[in-house]
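*Asks:* Dropping in query.tsv, with TSV, C-alpha atoms and all ligand atoms.
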```
chain	number	residue	atom	x	y	z
A	1	MET	CA	-80.73	58.70	39.26
A	2	ASP	CA	-80.94	59.23	35.51
A	3	SER	CA	-77.48	60.33	34.44
A	4	ALA	CA	-78.03	60.54	30.68
A	5	ALA	CA	-75.96	63.20	28.97
A	6	SER	CA	-77.75	66.29	27.65
A	7	VAL	CA	-77.46	66.68	23.90
A	8	ALA	CA	-79.15	68.95	21.36
A	9	LEU	CA	-79.62	68.54	17.59
A	10	CYS	CA	-80.82	71.05	15.01
A	11	PHE	CA	-82.12	70.16	11.55
A	12	LEU	CA	-81.56	73.02	9.11
A	13	VAL	CA	-84.14	72.76	6.31
A	14	ARG	CA	-84.43	74.62	2.99
A	15	PRO	CA	-86.41	74.37	-0.24
A	16	VAL	CA	-84.61	72.48	-3.02
A	17	ASP	CA	-83.12	74.83	-5.67
A	18	GLY	CA	-85.88	76.36	-7.74
A	19	ARG	CA	-88.66	75.19	-5.43
A	20	SER	CA	-90.79	77.43	-3.28
A	21	VAL	CA	-91.31	77.38	0.48
A	22	ARG	CA	-94.92	76.43	-0.28
A	23	ASP	CA	-93.86	73.15	-1.91
A	24	GLY	CA	-94.64	69.83	-0.26
A	25	ALA	CA	-92.04	67.65	1.42
A	26	ASP	CA	-90.59	66.54	-1.95
A	27	GLY	CA	-89.44	70.12	-2.46
A	28	TRP	CA	-87.38	70.26	0.74
A	29	GLU	CA	-84.01	69.08	1.97
A	30	ALA	CA	-82.40	68.82	5.39
A	31	LEU	CA	-78.80	69.20	6.51
A	32	LEU	CA	-77.18	66.06	7.90
A	33	GLY	CA	-73.47	65.35	8.28
A	34	LEU	CA	-70.96	62.55	7.89
A	35	LYS	CA	-69.28	62.17	11.29
A	36	LYS	CA	-65.53	62.13	10.71
A	37	THR	CA	-64.25	61.60	14.27
A	38	GLY	CA	-65.05	59.94	17.62
A	39	PHE	CA	-68.48	58.62	18.52
A	40	ALA	CA	-70.52	57.45	15.48
A	41	ARG	CA	-67.56	58.02	13.12
A	42	GLY	CA	-68.53	57.03	9.56
A	43	LYS	CA	-72.28	57.46	10.17
A	44	VAL	CA	-74.49	60.18	8.74
A	45	VAL	CA	-75.98	62.00	11.75
A	46	GLY	CA	-77.94	65.07	12.78
A	47	ILE	CA	-75.97	68.25	13.50
A	48	GLY	CA	-75.43	69.00	17.19
A	49	GLY	CA	-73.76	67.70	20.32
A	50	HIS	CA	-73.40	67.83	24.07
A	51	VAL	CA	-74.64	70.65	26.26
A	52	GLU	CA	-71.71	72.01	28.25
A	53	ASP	CA	-71.71	73.19	31.88
A	54	GLY	CA	-73.21	76.66	32.22
A	55	GLU	CA	-74.95	76.60	28.83
A	56	THR	CA	-78.65	76.46	28.13
A	57	VAL	CA	-79.84	73.83	25.65
A	58	ALA	CA	-80.56	76.53	23.07
A	59	GLN	CA	-77.11	78.10	23.49
A	60	ALA	CA	-75.52	74.67	23.09
A	61	VAL	CA	-77.28	73.86	19.83
A	62	VAL	CA	-76.36	77.25	18.35
A	63	ARG	CA	-72.71	76.69	19.33
A	64	GLU	CA	-72.62	73.10	18.00
A	65	VAL	CA	-74.14	74.06	14.64
A	66	ARG	CA	-71.58	76.87	14.25
A	67	GLU	CA	-68.66	74.59	15.24
A	68	GLU	CA	-69.72	71.64	13.10
A	69	VAL	CA	-71.00	73.24	9.88
A	70	GLY	CA	-70.28	76.99	10.15
A	71	ALA	CA	-73.88	78.25	10.15
A	72	VAL	CA	-74.97	80.81	12.72
A	73	VAL	CA	-78.58	80.23	13.80
A	74	PRO	CA	-80.16	83.06	15.83
A	75	GLN	CA	-81.85	81.56	18.90
A	76	THR	CA	-85.08	83.24	17.77
A	77	GLU	CA	-85.05	81.02	14.64
A	78	LEU	CA	-84.99	77.74	16.62
A	79	HIS	CA	-88.18	75.68	16.57
A	80	HIS	CA	-88.39	73.15	19.39
A	81	LEU	CA	-89.62	69.78	18.06
A	82	GLY	CA	-89.31	67.41	21.02
A	83	THR	CA	-86.89	65.03	22.73
A	84	ILE	CA	-85.31	61.64	22.07
A	85	ARG	CA	-84.10	59.42	24.86
A	86	PHE	CA	-81.33	57.20	23.48
A	87	ARG	CA	-80.70	54.31	25.88
A	88	PHE	CA	-77.72	51.94	25.59
A	89	PRO	CA	-78.37	49.18	28.21
A	90	ALA	CA	-75.07	47.51	27.35
A	91	ARG	CA	-73.23	50.83	27.70
A	92	PRO	CA	-75.18	53.20	29.98
A	93	ALA	CA	-72.40	55.79	29.81
A	94	TRP	CA	-73.62	56.51	26.26
A	95	ASP	CA	-77.22	57.26	27.33
A	96	MET	CA	-78.35	60.63	25.93
A	97	ASP	CA	-81.37	62.88	26.30
A	98	THR	CA	-81.45	64.74	23.02
A	99	VAL	CA	-83.49	67.91	22.47
A	100	LEU	CA	-84.55	68.36	18.84
A	101	TYR	CA	-84.80	71.66	16.97
A	102	ALA	CA	-85.35	72.85	13.42
A	103	ALA	CA	-84.34	76.10	11.74
A	104	GLY	CA	-85.17	77.50	8.33
A	105	SER	CA	-83.04	80.61	8.57
A	106	TRP	CA	-79.37	81.13	9.44
A	107	GLU	CA	-76.33	83.23	8.55
A	108	GLY	CA	-73.05	82.18	6.97
A	109	GLU	CA	-72.06	79.49	4.50
A	110	ILE	CA	-72.38	75.82	5.35
A	111	SER	CA	-68.84	74.42	5.48
A	112	GLU	CA	-66.96	71.30	6.47
A	113	SER	CA	-65.26	71.07	9.88
A	114	ALA	CA	-62.80	68.61	11.42
A	115	GLU	CA	-65.79	66.77	12.91
A	116	ILE	CA	-68.50	66.85	10.21
A	117	ALA	CA	-68.75	66.81	6.41
A	118	PRO	CA	-72.15	68.42	5.75
A	119	GLU	CA	-74.60	66.73	3.36
A	120	TRP	CA	-77.99	68.00	2.16
A	121	HIS	CA	-80.60	65.27	1.59
A	122	GLY	CA	-84.17	65.38	0.35
A	123	VAL	CA	-86.48	64.83	3.30
A	124	ASN	CA	-88.13	62.03	1.29
A	125	SER	CA	-84.81	60.47	0.21
A	126	LEU	CA	-82.77	60.09	3.38
A	127	PRO	CA	-79.55	58.00	3.32
A	128	TYR	CA	-80.78	55.38	5.80
A	129	ALA	CA	-78.12	52.80	4.88
A	130	ARG	CA	-75.45	55.24	6.11
A	131	MET	CA	-77.32	56.33	9.27
A	132	TRP	CA	-77.93	54.72	12.67
A	133	PRO	CA	-80.44	51.84	12.20
A	134	ASP	CA	-82.86	53.71	14.52
A	135	ALA	CA	-83.01	56.66	12.09
A	136	GLY	CA	-85.76	54.84	10.19
A	137	TYR	CA	-88.03	55.18	13.23
A	138	TRP	CA	-87.79	58.89	13.81
A	139	VAL	CA	-85.86	61.12	11.37
A	140	GLN	CA	-88.48	61.42	8.63
A	141	PRO	CA	-91.42	62.11	10.99
A	142	ILE	CA	-89.35	64.70	12.83
A	143	LEU	CA	-88.48	66.36	9.52
A	144	MET	CA	-92.20	66.56	8.71
A	145	GLU	CA	-92.65	68.41	12.02
A	146	ALA	CA	-89.67	70.59	11.10
A	147	LEU	CA	-91.26	71.55	7.79
A	148	ALA	CA	-94.57	72.37	9.46
A	149	ALA	CA	-92.81	74.58	11.98
A	150	VAL	CA	-90.51	76.36	9.50
A	151	ARG	CA	-92.75	76.62	6.43
A	152	GLU	CA	-96.14	77.20	7.91
A	153	GLY	CA	-95.21	78.55	11.33
A	154	THR	CA	-97.76	76.18	12.85
A	155	ALA	CA	-97.55	75.23	16.49
A	156	GLY	CA	-97.38	71.54	15.58
A	157	HIS	CA	-96.73	68.63	17.88
A	158	LEU	CA	-93.93	68.07	20.35
A	159	SER	CA	-92.60	64.53	19.97
A	160	THR	CA	-91.17	62.26	22.64
A	161	ILE	CA	-89.13	59.40	21.24
A	162	GLU	CA	-87.53	56.53	23.15
A	163	ILE	CA	-84.89	54.45	21.38
A	164	THR	CA	-83.33	51.50	23.20
A	165	LEU	CA	-80.28	50.08	21.50
A	166	ALA	CA	-79.50	46.36	21.25
A	167	GLU	CA	-76.56	44.61	22.96
A	168	ASP	CA	-74.32	45.60	20.04
A	169	ASN	CA	-74.95	49.33	20.78
A	170	HIS	CA	-75.88	49.77	17.10
A	171	ASN	CA	-79.11	47.98	16.20
A	172	VAL	CA	-82.51	48.77	17.71
A	173	ALA	CA	-83.98	46.75	20.60
A	174	SER	CA	-87.12	48.88	20.81
A	175	ALA	CA	-88.43	52.20	19.55
A	176	ARG	CA	-91.39	54.28	20.63
A	177	TYR	CA	-92.62	57.51	19.07
A	178	ASP	CA	-95.22	59.64	20.88
A	179	ARG	CA	-96.65	62.81	19.41
A	180	ALA	CA	-98.13	65.13	22.01
A	181	ALA	CA	-101.39	66.86	21.22
A	182	ALA	CA	-100.78	69.94	19.11
A	183	GLY	CA	-99.18	72.54	21.34
A	184	THR	CA	-99.27	76.27	21.32
A	185	GLU	CA	-96.77	78.57	19.64
A	186	ALA	CA	-95.20	79.07	23.08
A	187	ASP	CA	-94.24	75.37	23.16
A	188	ARG	CA	-92.09	75.98	20.12
A	189	ARG	CA	-89.83	78.55	21.69
A	190	PRO	CA	-86.18	77.62	22.30
A	191	LEU	CA	-85.68	75.73	25.54
A	192	ASP	CA	-83.81	78.50	27.32
A	193	VAL	CA	-83.18	76.46	30.43
A	194	GLU	CA	-80.24	74.69	31.96
A	195	PRO	CA	-80.07	70.96	31.21
A	196	GLY	CA	-81.96	68.95	33.78
A	197	VAL	CA	-84.37	71.81	34.54
A	198	THR	CA	-87.92	71.21	33.36
A	199	ALA	CA	-89.13	73.95	31.03
B	1	LIG	N1	-78.80	55.93	18.35
B	1	LIG	C1	-78.54	57.13	17.83
B	1	LIG	N2	-79.10	57.51	16.64
B	1	LIG	C2	-78.84	58.73	16.10
B	1	LIG	O1	-79.37	59.01	15.01
B	1	LIG	N3	-78.06	59.66	16.71
B	1	LIG	C3	-77.53	59.31	17.88
B	1	LIG	C4	-77.74	58.06	18.49
B	1	LIG	N4	-77.06	58.02	19.67
B	1	LIG	C5	-76.46	59.22	19.76
B	1	LIG	N5	-76.75	60.00	18.71
B	1	LIG	C6	-76.27	61.35	18.46
B	1	LIG	C7	-76.86	62.40	19.32
B	1	LIG	C8	-75.72	63.41	19.37
B	1	LIG	O2	-75.83	64.37	18.37
B	1	LIG	C9	-74.47	62.67	19.06
B	1	LIG	C10	-73.49	62.69	20.18
B	1	LIG	O3	-72.27	62.50	19.59
B	1	LIG	P1	-70.92	63.15	20.07
B	1	LIG	O4	-70.46	62.43	21.30
B	1	LIG	O5	-70.02	63.17	18.91
B	1	LIG	O6	-71.35	64.62	20.49
B	1	LIG	P2	-70.57	65.94	20.31
B	1	LIG	O7	-70.56	66.32	18.88
B	1	LIG	O8	-71.13	66.88	21.29
B	1	LIG	O9	-69.14	65.64	20.75
B	1	LIG	P3	-68.38	66.66	21.63
B	1	LIG	O10	-68.04	67.76	20.68
B	1	LIG	O11	-67.25	65.83	22.14
B	1	LIG	O12	-69.31	67.09	22.72
B	1	LIG	O13	-74.87	61.36	18.73
```
So that I can check it, write out the structure of this file as structure tokens.

*Replies:*
Amino acid sequence: MDSAASVALCFLVRPVDGRSVRDGADGWEALLGLKKTGFARGKVVGIGGHVEDGETVAQAVVREVREEVGAVVPQTELHHLGTIRFRFPARPAWDMDTVLYAAGSWEGEISESAEIAPEWHGVNSLPYARMWPDAGYWVQPILMEALAAVREGTAGHLSTIEITLAEDNHNVASARYDRAAAGTEADRRPLDVEPGVTA
């Protein structure tokens, strides 16, 4: 049985100061965070975390964003972008199935928490040297999907990404990125289902 943990991440995106929502990718930045505690401490990561018992995936990502960086994202503002399967063959307890979202609208100020120091980065100038080595395979393409969803409201593509970590649980053994055929707007709705239940 696949016992990977259920995790959800949300990329908040905004136009760079003085730029318009119609600008190309150079005019946009995304919220990442320096992990200060526990798993992946010292790495720059996406904002999010584990789905807890009794929560839907969408409820979990809203809660994690609020806990980690203080922003309140209405579930109606979540754009579903796809899923990443992180596999750690040398440490299967760390396996994660991670649902990806974007949001371009939220309430409250972004602020630091005990777990995360938030950092805005241009979507074309990501801090790869401070991220997981696998970030180079998937973060930028996912942010392009995020921009399409948030800026243009297009249905876009749902992505399925498979990252298998090397024996050191840090470097990449293999990476695969599949973009589904462009979906419908309905595919973009928040995944309002319990973890493990197929939407
Ligand atoms: N290879 C990898 N590359 C990457 O970029 N992010 C990864 C990754 N493997 C795991 N992650 C991310 C997905 C998820 O957001 C996070 C899980 O870390 P944590 O255990 O810290 O989760 P939580 O923030 O939920 O912690 P809790 O608050 O204890 O639930 O790590």

*Asks:* Please, what distance in Å, to one decimal, runs between CA of Ala117 (chain A) and CA of Ala129 (chain A)?

*Replies:*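 So the two atoms, CA of Ala117 (chain A) and CA of Ala129 (chain A), lie 16.9 Å apart.
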
*Asks:* Check every protein, DNA and RNA residue against ligand LIG 1 (chain B), keep those with an atom at most 7 Å away (counting all atoms listed in the file), and present them as a list in words.

*Replies:*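 Within the 7 Å cut-off, the matching residues are Val7, Ala8, Leu9, Gly38, Phe39, Ala40, Val45, Gly46, Ile47, Gly48, Gly49, His50, Phe86, Met96, Thr98, Met131, Trp132, Asp134, Ala135, Ile163, Leu165 and His170 of chain A.
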
*Asks:* Which residue, A:Asn169, A:Glu52, A:Val73, A:Arg176, has the smallest gap to Ala93 (chain A) when you use only C-alpha atoms?

*Replies:*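 Of A:Asn169, A:Glu52, A:Val73, A:Arg176, the one nearest Ala93 (chain A), counting only C-alpha atoms, is A:Asn169.
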
*Asks:* In terms of the shortest atom-to-atom distance over all atoms listed in the file, which of A:Val62, A:Lys43, A:Ala149, A:Val57 is closest to Tyr128 (chain A)?

*Replies:*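 Among the listed residues, A:Lys43 lies closest to Tyr128 (chain A).
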
*Asks:* Have a look at A:Leu32, A:His157, A:Ala71, A:Trp120 and name the one nearest to Asp17 (chain A); count all atoms listed in the file.

*Replies:*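 Using all atoms listed in the file, the shortest distance to Asp17 (chain A) belongs to A:Trp120.
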
*Asks:* Which of these, A:Arg87, A:Val123, A:Val139, A:Ala25, has the shortest distance to Thr164 (chain A) once you count only C-alpha atoms?

*Replies:*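 For Thr164 (chain A), the nearest of the candidates is A:Arg87.
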
*Asks:* Between A:Gly108, A:Gly122, A:Pro127, A:Pro141, which one has atoms that come closest to Ile161 (chain A), using only C-alpha atoms?

*Replies:*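 Smallest distance to Ile161 (chain A) is found for A:Pro141.
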
*Asks:* Mind pulling up the distance from CA of Val21 (chain A) to CA of Glu107 (chain A)?

*Replies:* 18.0 Å

*Asks:* Just how far from CA of Ser159 (chain A) is CA of Phe88 (chain A), in Å to one decimal?

*Replies:* 20.3 Å

*Asks:* Restricting the calculation to all atoms listed in the file, which member of A:Ala60, A:Val65, A:Asp26, A:Thr76 is positioned closest to Pro118 (chain A)?

*Replies:*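 Looking only at the distances to Pro118 (chain A), the closest residue turns out to be A:Val65.
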
*Asks:* Using all atoms listed in the file, find each residue in region 1-64 of chain A having at least one atom no more than 9 Å away from region 143-146 of chain A; report its shortest atom-to-atom pair and that distance in Å (one decimal), rows by chain then rising number, as a Markdown table.

*Replies:*
```
| residue | atom | partner | partner_atom | distance |
| --- | --- | --- | --- | --- |
| A:Phe11 | CA | A:Ala146 | CA | 7.6 |
| A:Leu12 | CA | A:Ala146 | CA | 8.7 |
| A:Val13 | CA | A:Ala146 | CA | 7.6 |
| A:Ala25 | CA | A:Met144 | CA | 7.4 |
| A:Ala30 | CA | A:Leu143 | CA | 7.8 |
```

*Asks:* Let me know the centre plus edge lengths, in Å and rounded to one decimal, of a box with edges along x, y and z that contains all listed atoms of region 131-140 of chain A and is padded by 5 Å on every side, as JSON.

*Replies:*
```
{"center_x": -82.9, "center_y": 56.6, "center_z": 11.6, "size_x": 21.2, "size_y": 19.6, "size_z": 15.9}
```
